[in-house]
Amino acid sequence: MSDDEKRTEAADSAENAQGMTGGTQHPDDVDEAARTRSESSPVDQPGKAGEPGGGPDQPSKEEVTTGGDARPGEQAQTEDEAKDEAEEESLPAEPEGPALPPEHPSRRGMFGAYGGSGDTSGYGRLVVRDANPVRGGSTPRPWPEELEKLGDDVSAALQEAGSTDTDVFEKVLVDRGQVTFFVKREKLAEVARIFRDDPQLRFEMCMGVNGVHYPEEIGRELHAVVQLLSITHNRRVNLEVTCPETDPHIPSIVHTYPSANWHERETYDFFGILFDGHPALTRIQMPDDWPGHPQRKDYPLGGIPVEYKGATIAPPDERRAYN
Amino acid sequence: MSEDRADTFTLNIETANEPDDPYAGVRETTEGPVYTVTGQDWDDVIGAAAAGEERIVVNMGPQHPSTHGVLRLILELDGETVTEARCGIGYLHTGIEKNMEYRTWTQGVTFVTRMDYLSPFFNEAAYVLGVEKLLGITDDIPERANVIRVMMMELNRISSHLVCIATGGMEMGALTMMTNGFRERERTLDLFELITGLRMNSAYIRPGGVAQDLPPGAVESVRGYLRWMWDHIGSYEEFANENPIFKGRTVGVGYLDLAGCMALGITGPVLRSTGLPWDLRKSQPYCGYETYDFEVPTWDTADSYGRFRIRIEEMKQSLKIVEQCLDRLEPGPVMVGDKKIAWPAQLAIGSDGMGNSLDHIRHIMGESMEALIHHFKLVTEGFRVPAGEVYVPVESPRGELGAHVVSDGGTRPWRVHFRDPSFNNLQAVAAMCEGSMVADVIVSVASLDPVMGGCDR
């Protein structure tokens, strides 16, 4: 296959690059697509000019939205493809070697200076690769031995319940000796019950539910991670569910695991994920009338006025003047 | 409170007392009259109780002295019997997890140590083990650092259990257990001060190892402490084990069987009091616990008395582990060899307290520009941690303390969540207390040993 053919095919498959379709698509194709995209449009990142602040690693909120909207979104695909074709002639042949991970959805350059900001750091053209396994595809087998066994047990249990891996899981991630099943959200309650009741699995205890917010993952910004523990077989497993910010609903597992009650309330409190079927989904840490969900990435650290007997607390950076 | 808010609230409320204290006195609500007891108004409450029905709802806490901090128990009473019990938490929420997202990975240790303030070394260990797993350096931690970590954790387990037993005893009127327990705990904290420089909130266990090596004389001090503890730990058993008053207050109180523990995710001494020897140090070891010789004490009564006995036994096992640690201490590094992760400065005691050693400052300021750059980069920016997420549990004195650490590849955590055993175990209050007397609620909650700093974070 010539380079040109490869590139065309990659551009086609790039439509699905953000979809994370798990086992159905070969991960190499995704990588190839993203790599082609990133290399052909080097530095025209539409970051806001003169963006203040923002550390080298976690960009400020504005950067996330501007960069995130233009770079990984589906709308940007057509533009990129057009650019690909225009610049294809001038590109050097692709270097040989293993496929690189896709470009990071919200980061480019270093030190937060890029775009039209007059970047003199010399790092503005740096392409940051996204090696986050949470955004990648399924981990191909073979896994470590005990996780292989766990994977087989899960498949068998699902089969017994009249289902299959691909029916209920988006993907399965094995990373650093821990296995995380990305469960399709409408299947979570069903899967949790199978994980608890199947004699080969017997995850008797739910150790907790926790949210993570990835604002740059359009359409799957909010993640909820459930940690399960099997005392019978002495092993652990994580279930991860995603939902978009615009429709933050996840089925509750309280009816299977009563211990998830407070953990789901906490996750609702901090992330605004609505656990459907929870008996009393109210705030647990923050006051009942608190506006917003503090652990989201777009929620500021400090500066929230606090009412206490008529007093108002100024944001931290406005309390004192040191000059 | 703003004006319009006040208007909406006063629709149902009729303030009987003087209006300048809106929080005291009696208010009529849709649920019936609400009395806020502020002292010298007992006649009002008694009169109301005599006139009306027996069923009353009492807010016990968040300022009640026997609720272990700012725990609020909402008890529905029928006479002296609790018909419904619910917990209100969140009064000590300090946003530690949010704050950590704005600091480097190393600075995170200073935050997590303040969560569960009775077991700071366990918080640090869970977080640090998570960071090390993300970094992939779990196997590179020097042996001496691991031994010191285990030793500090076990000393911490003793001090934490001592507080549990001391305050739990005090709430039942066993004041000598309180005075003795805090005396022994004080000696444990003295060791922490000697070794880390701080009595609590030490920030001692760092990604890659521990902050500094044991100071001269530490091993002798720990040995002296062990002798003292072996001499005195029996006194608690003599006080309580066969004490009819103590047994009358604890036996059969706060009952929660194995099925209840499993459903509610309860771990730690509460789970072991049902007879299940589940201890992560044995079943899923970390920090080299599999090489130590100790036992997992259990009890089979599933009540507060069994939990007390288990805690005493666990302290003895911890003493055994600390002894083994002392025997194993070999000279060597206490920080991982990778200079891109290890903290560059060595600490030393100066005329104004603990700080960077003068040798190090001389080196970076006068001898090596590269060392200065290295120090500056690592201290201000920190190191990067490869993207991914891990969940790392450790066995804290209260049960499974899990750290869910998420990195996005940057120098700061993307998200750190603590699965704190106090938070989870407080869910059992309803199951343990409903149907019992009010006085038993105190004992039941004390046997759970909740620490609100960890619960609310």
# chains A, B, ... in the order shown; residues from 1 in each chain; ligands from 1
call {"tool": "interface_residues", "arguments": {"of": "chain A", "to": "chain B", "cutoff": "8 Å", "atoms": "only C-alpha atoms", "output": "mmCIF file with C-alpha atoms, in the first residue's frame"}}
result
data_model
loop_
_atom_site.group_PDB
_atom_site.id
_atom_site.type_symbol
_atom_site.label_atom_id
_atom_site.label_comp_id
_atom_site.auth_asym_id
_atom_site.auth_seq_id
_atom_site.Cartn_x
_atom_site.Cartn_y
_atom_site.Cartn_z
ATOM 1 C CA PRO A 56 2.468 24.141 31.380
ATOM 2 C CA ASP A 57 0.356 21.082 31.797
ATOM 3 C CA GLN A 58 -3.213 21.880 32.658
ATOM 4 C CA ALA A 131 -1.025 8.891 25.663
ATOM 5 C CA ASN A 132 -3.897 8.774 28.125
ATOM 6 C CA PRO A 133 -5.165 5.198 28.120
ATOM 7 C CA VAL A 134 -8.589 6.427 29.205
ATOM 8 C CA ASP A 175 -3.334 -0.574 32.680
ATOM 9 C CA ARG A 176 -0.752 -0.890 35.435
ATOM 10 C CA GLN A 178 -5.662 -3.009 36.969
ATOM 11 C CA GLU A 204 -19.626 -8.722 46.876
ATOM 12 C CA MET A 205 -18.529 -5.263 47.838
ATOM 13 C CA CYS A 206 -18.673 -1.935 46.093
ATOM 14 C CA MET A 207 -15.848 0.099 47.526
ATOM 15 C CA GLY A 208 -16.905 3.385 46.038
ATOM 16 C CA ASN A 210 -16.060 8.454 42.012
ATOM 17 C CA VAL A 212 -13.752 12.407 36.900
ATOM 18 C CA GLN A 227 -14.517 0.072 42.315
ATOM 19 C CA ILE A 231 -13.498 -11.168 48.866
ATOM 20 C CA ASN A 234 -9.593 -11.765 46.292
ATOM 21 C CA TYR A 257 -24.808 -2.325 46.187
ATOM 22 C CA PRO A 258 -26.366 -0.358 49.075
ATOM 23 C CA SER A 259 -22.906 0.931 49.952
ATOM 24 C CA ALA A 260 -22.914 3.033 46.788
ATOM 25 C CA TRP A 262 -23.395 7.943 49.819
ATOM 26 C CA HIS A 263 -20.743 7.597 47.144
ATOM 27 C CA ILE A 284 -23.955 15.331 50.939
ATOM 28 C CA GLN A 285 -20.820 17.419 51.426
ATOM 29 C CA MET A 286 -21.797 20.847 50.136
ATOM 30 C CA PRO A 287 -24.719 22.817 51.621
ATOM 31 C CA PRO A 294 -17.294 22.093 42.612
ATOM 32 C CA GLN A 295 -15.131 19.279 41.254
ATOM 33 C CA LEU A 301 -10.846 27.258 42.985
ATOM 34 C CA GLU A 307 -22.992 33.731 52.850
ATOM 35 C CA TYR A 308 -22.675 33.495 56.584
ATOM 36 C CA LYS A 309 -24.958 35.625 58.718
ATOM 37 C CA GLY A 310 -24.876 38.389 56.161
#
call {"tool": "residues_around", "arguments": {"residues": "stretch 358-363 of chain B", "least_positions_apart": "2", "cutoff": "8 Å", "atoms": "only C-alpha atoms", "output": "list of chain:residue names"}}
result
B:Ala345, B:Gln346, B:Ala348, B:Asn356, B:Met365, B:Gly366, B:Glu367, B:Ser368, B:Ala371
call {"tool": "select_by_dssp", "arguments": {"residues": "stretch 205-417 of chain B", "states": "alpha helix (DSSP H)", "output": "number ranges by chain"}}
result
B: 218-240, 244-250, 258-264, 269-272, 280-283, 304-328, 358-362, 369-376
call {"tool": "write_last_selection", "arguments": {"atoms": "C-alpha atoms", "output": "tab-separated table (two decimals), in the first residue's frame"}}
result
chain	number	residue	atom	x	y	z
B	218	ALA	CA	15.38	7.28	66.61
B	219	VAL	CA	15.82	3.52	66.76
B	220	GLU	CA	16.63	3.64	70.48
B	221	SER	CA	13.63	5.86	71.13
B	222	VAL	CA	11.32	3.49	69.28
B	223	ARG	CA	12.71	0.55	71.25
B	224	GLY	CA	12.10	2.41	74.48
B	225	TYR	CA	8.59	3.17	73.33
B	226	LEU	CA	7.96	-0.50	72.55
B	227	ARG	CA	9.07	-1.50	76.05
B	228	TRP	CA	6.75	1.11	77.55
B	229	MET	CA	3.84	0.01	75.40
B	230	TRP	CA	4.26	-3.69	76.19
B	231	ASP	CA	4.24	-2.74	79.86
B	232	HIS	CA	1.11	-0.65	79.62
B	233	ILE	CA	-1.06	-2.11	76.91
B	234	GLY	CA	-2.32	-4.76	79.30
B	235	SER	CA	-3.89	-2.10	81.47
B	236	TYR	CA	-6.69	-1.53	78.96
B	237	GLU	CA	-7.56	-5.19	79.02
B	238	GLU	CA	-7.52	-5.17	82.79
B	239	PHE	CA	-9.77	-2.14	82.83
B	240	ALA	CA	-12.32	-3.31	80.38
B	244	PRO	CA	-19.32	-5.61	84.08
B	245	ILE	CA	-20.20	-1.98	83.42
B	246	PHE	CA	-18.11	-1.87	80.27
B	247	LYS	CA	-19.54	-5.14	79.05
B	248	GLY	CA	-23.05	-4.01	79.92
B	249	ARG	CA	-22.57	-0.97	77.73
B	250	THR	CA	-20.89	-2.69	74.77
B	258	LEU	CA	-21.36	-10.11	57.94
B	259	ALA	CA	-24.15	-9.69	55.39
B	260	GLY	CA	-24.74	-6.16	56.62
B	261	CYS	CA	-21.05	-5.34	56.39
B	262	MET	CA	-20.82	-6.69	52.85
B	263	ALA	CA	-23.89	-4.82	51.67
B	264	LEU	CA	-22.71	-1.57	53.20
B	269	PRO	CA	-12.31	-3.77	62.69
B	270	VAL	CA	-16.08	-3.67	62.14
B	271	LEU	CA	-15.83	-6.30	59.42
B	272	ARG	CA	-13.33	-8.37	61.40
B	280	LEU	CA	-5.46	-5.89	53.07
B	281	ARG	CA	-2.04	-6.23	54.63
B	282	LYS	CA	-2.51	-9.98	54.34
B	283	SER	CA	-4.82	-10.39	51.36
B	304	SER	CA	-18.94	-2.97	69.98
B	305	TYR	CA	-17.28	-5.19	72.55
B	306	GLY	CA	-15.70	-7.35	69.85
B	307	ARG	CA	-14.42	-4.27	68.05
B	308	PHE	CA	-12.79	-3.05	71.23
B	309	ARG	CA	-11.04	-6.39	71.73
B	310	ILE	CA	-9.91	-6.41	68.09
B	311	ARG	CA	-8.40	-2.94	68.39
B	312	ILE	CA	-6.40	-3.96	71.45
B	313	GLU	CA	-5.14	-7.07	69.65
B	314	GLU	CA	-4.26	-5.06	66.56
B	315	MET	CA	-2.16	-2.72	68.64
B	316	LYS	CA	-0.20	-5.70	69.93
B	317	GLN	CA	0.28	-7.00	66.39
B	318	SER	CA	1.43	-3.53	65.34
B	319	LEU	CA	3.98	-3.55	68.14
B	320	LYS	CA	5.26	-6.85	66.79
B	321	ILE	CA	5.56	-5.42	63.29
B	322	VAL	CA	7.41	-2.34	64.54
B	323	GLU	CA	9.89	-4.62	66.31
B	324	GLN	CA	10.52	-6.48	63.07
B	325	CYS	CA	10.97	-3.17	61.26
B	326	LEU	CA	13.64	-2.09	63.70
B	327	ASP	CA	15.49	-5.36	63.19
B	328	ARG	CA	15.35	-4.92	59.42
B	358	LEU	CA	23.27	24.36	54.09
B	359	ASP	CA	25.40	21.94	52.07
B	360	HIS	CA	22.72	21.72	49.44
B	361	ILE	CA	22.25	25.48	49.32
B	362	ARG	CA	26.00	25.96	48.98
B	369	MET	CA	24.41	26.01	37.80
B	370	GLU	CA	22.91	22.74	36.54
B	371	ALA	CA	22.06	21.70	40.06
B	372	LEU	CA	20.33	25.01	40.59
B	373	ILE	CA	18.30	24.61	37.40
B	374	HIS	CA	17.44	21.06	38.36
B	375	HIS	CA	16.39	22.10	41.84
B	376	PHE	CA	14.35	25.00	40.50
call {"tool": "atom_distance", "arguments": {"atom1": "atom CA of B:Thr30", "atom2": "atom CA of B:Arg86"}}
result
20.2 Å
call {"tool": "closest_residue", "arguments": {"among": "B:Val445, B:Glu84, B:Gly454, B:Leu198", "to": "B:Gly353", "atoms": "only C-alpha atoms"}}
result
B:Leu198
